[in-house]
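Input: a single structure, listed below in structure tokens.
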Amino acid sequence: MADVLFLALSVLTIGAAIAALELRSLIYGSIALMGTLGGIAGFFILLDSPFVAMFQIAVYVGSIAVLILFTVMLVKRELIFKKIEDPKRKFAGIGLMLITMVAVGGIILDSGVKTITTDSPPVDFREIGEDFLTYYWPALIAMALILASSVIGALVLARREDTIENGQRTD
Amino acid sequence: MANELIEFVLVSVALLGIGIYGLSVKRNAIRMLFAVEIIVNAANLNLIAFARFMPEAHSGGQTLALFSIAIAAAEVAVGLSLVIVAYRLYKNIDIADFRSLKG
């Protein structure tokens, strides 16, 4: 049976996810998204994976959420508070959400996932570091190249094309 | 373990449903990125939950989740810069305005 901590974490995570999508202001929405990402980190700690939880907090809550916050602030003020959606599409979306939840949830509840339990000790995080440097080293290098190229790509995309006329920058 | 695998998987299914709702209803490009983030996090939660409950997998699930988080960071960086470029071209972040890609 679920304990109090798990219930509180799931209420926080799911409530913050709904708030992130439904709050009127995009700024409050991105702060609510931080709540969702932090709640997921809490689940990782409950699952005895403190290393992944730390990575989640460092990468998601620390950098991605802040990046989103800065992008939101670059957008015009009226657009941050304007809600753009059709009511007809909204009902269709709620229907799609309920169908997904009921269908996938029903399949999972009906499957053998319910009977899986474990008494084994959690994996030591030192093993992850060892795996990274031995078995997964090509993937690690490829990931480093992907990260570098995506940062360069993002910089090139967001670059302003200023023209220099008469020796002065015109922005 | 105090909690069972099924509980974590059900939370993950709920997050997936919310993400699909956001992706299909919202027309604001930044909010659609929020929905994508929620879906990616649901997938990561599933990975870690199954990795914990299947000890024969050793650290494989956690390693895969770490790679997934890093790739998601790269995806958000590129996605947000695309939003900025589109905002500069159209002065709007409504994806219904992005239909013509000529600028």
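Each chain in the structure tokens gets a letter, A, B and so on, in the order shown; residues start at 1 in every chain, and ligands are counted from 1 in the order they appear.
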
Selection near A:Ile40, 10 Å with only C-alpha atoms, sequence-local residues under 5 positions removed, as a PyMOL selection string: (chain A and resi 9-10+12-14+34-35+45-46+53+56-57) or (chain B and resi 11-12+38+41-42+44-45)

Neighbour list for B:Leu66 as a PyMOL selection string, cut-off 12 Å, only C-alpha atoms, skip fewer than 6 positions in-chain: (chain A and resi 44+49-60+128-129+132+136+139-140+143) or (chain B and resi 41+43-45+47-48+59-60+72-73)

Those in stretch 1-159 of chain A with helix (DSSP H, G or I) from DSSP, as a PyMOL selection string: chain A and resi 4-22+26-46+50-74+77-81+87-110+112-115+125-133+137-157

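Nearest to chain A of all the residues B:Ala29, B:Leu64, B:Ile20, B:Val36 is B:Ile20, counting only C-alpha atoms.
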
Who sits within 12 Å of A:Ala144, only C-alpha atoms, same chain under 5 positions skipped, as a ChimeraX atom specification: /A:137-139,149-151 /B:67,70-71,73-74

Export, as a PDB file, in the first residue's frame, the selected residues with C-alpha atoms.
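Saved as result_33.pdb:
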```
ATOM      1  CA  TRP A 137      32.239   4.869 -23.231  1.00  0.00           C
ATOM      2  CA  PRO A 138      31.368   5.221 -26.963  1.00  0.00           C
ATOM      3  CA  ALA A 139      27.850   6.323 -26.008  1.00  0.00           C
ATOM      4  CA  SER A 149      26.538  20.339 -31.423  1.00  0.00           C
ATOM      5  CA  SER A 150      23.079  21.133 -30.045  1.00  0.00           C
ATOM      6  CA  VAL A 151      24.434  24.079 -28.057  1.00  0.00           C
TER       7      VAL A 151
ATOM      8  CA  PHE B  67      21.462   9.461 -21.134  1.00  0.00           C
ATOM      9  CA  ALA B  70      21.056  14.619 -21.117  1.00  0.00           C
ATOM     10  CA  ILE B  71      19.457  14.226 -24.563  1.00  0.00           C
ATOM     11  CA  ALA B  73      18.444  18.918 -22.202  1.00  0.00           C
ATOM     12  CA  ALA B  74      19.857  19.218 -25.727  1.00  0.00           C
TER      13      ALA B  74
END
```

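Across the model, the gap from atom CA of A:Phe6 to atom CA of B:Gly22 is 24.7 Å.
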
Using only C-alpha atoms: which of A:Arg89, A:Glu161, A:Val66, A:Gly106 has the shortest distance to chain B: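 Among the listed residues, A:Arg89 lies closest to chain B.
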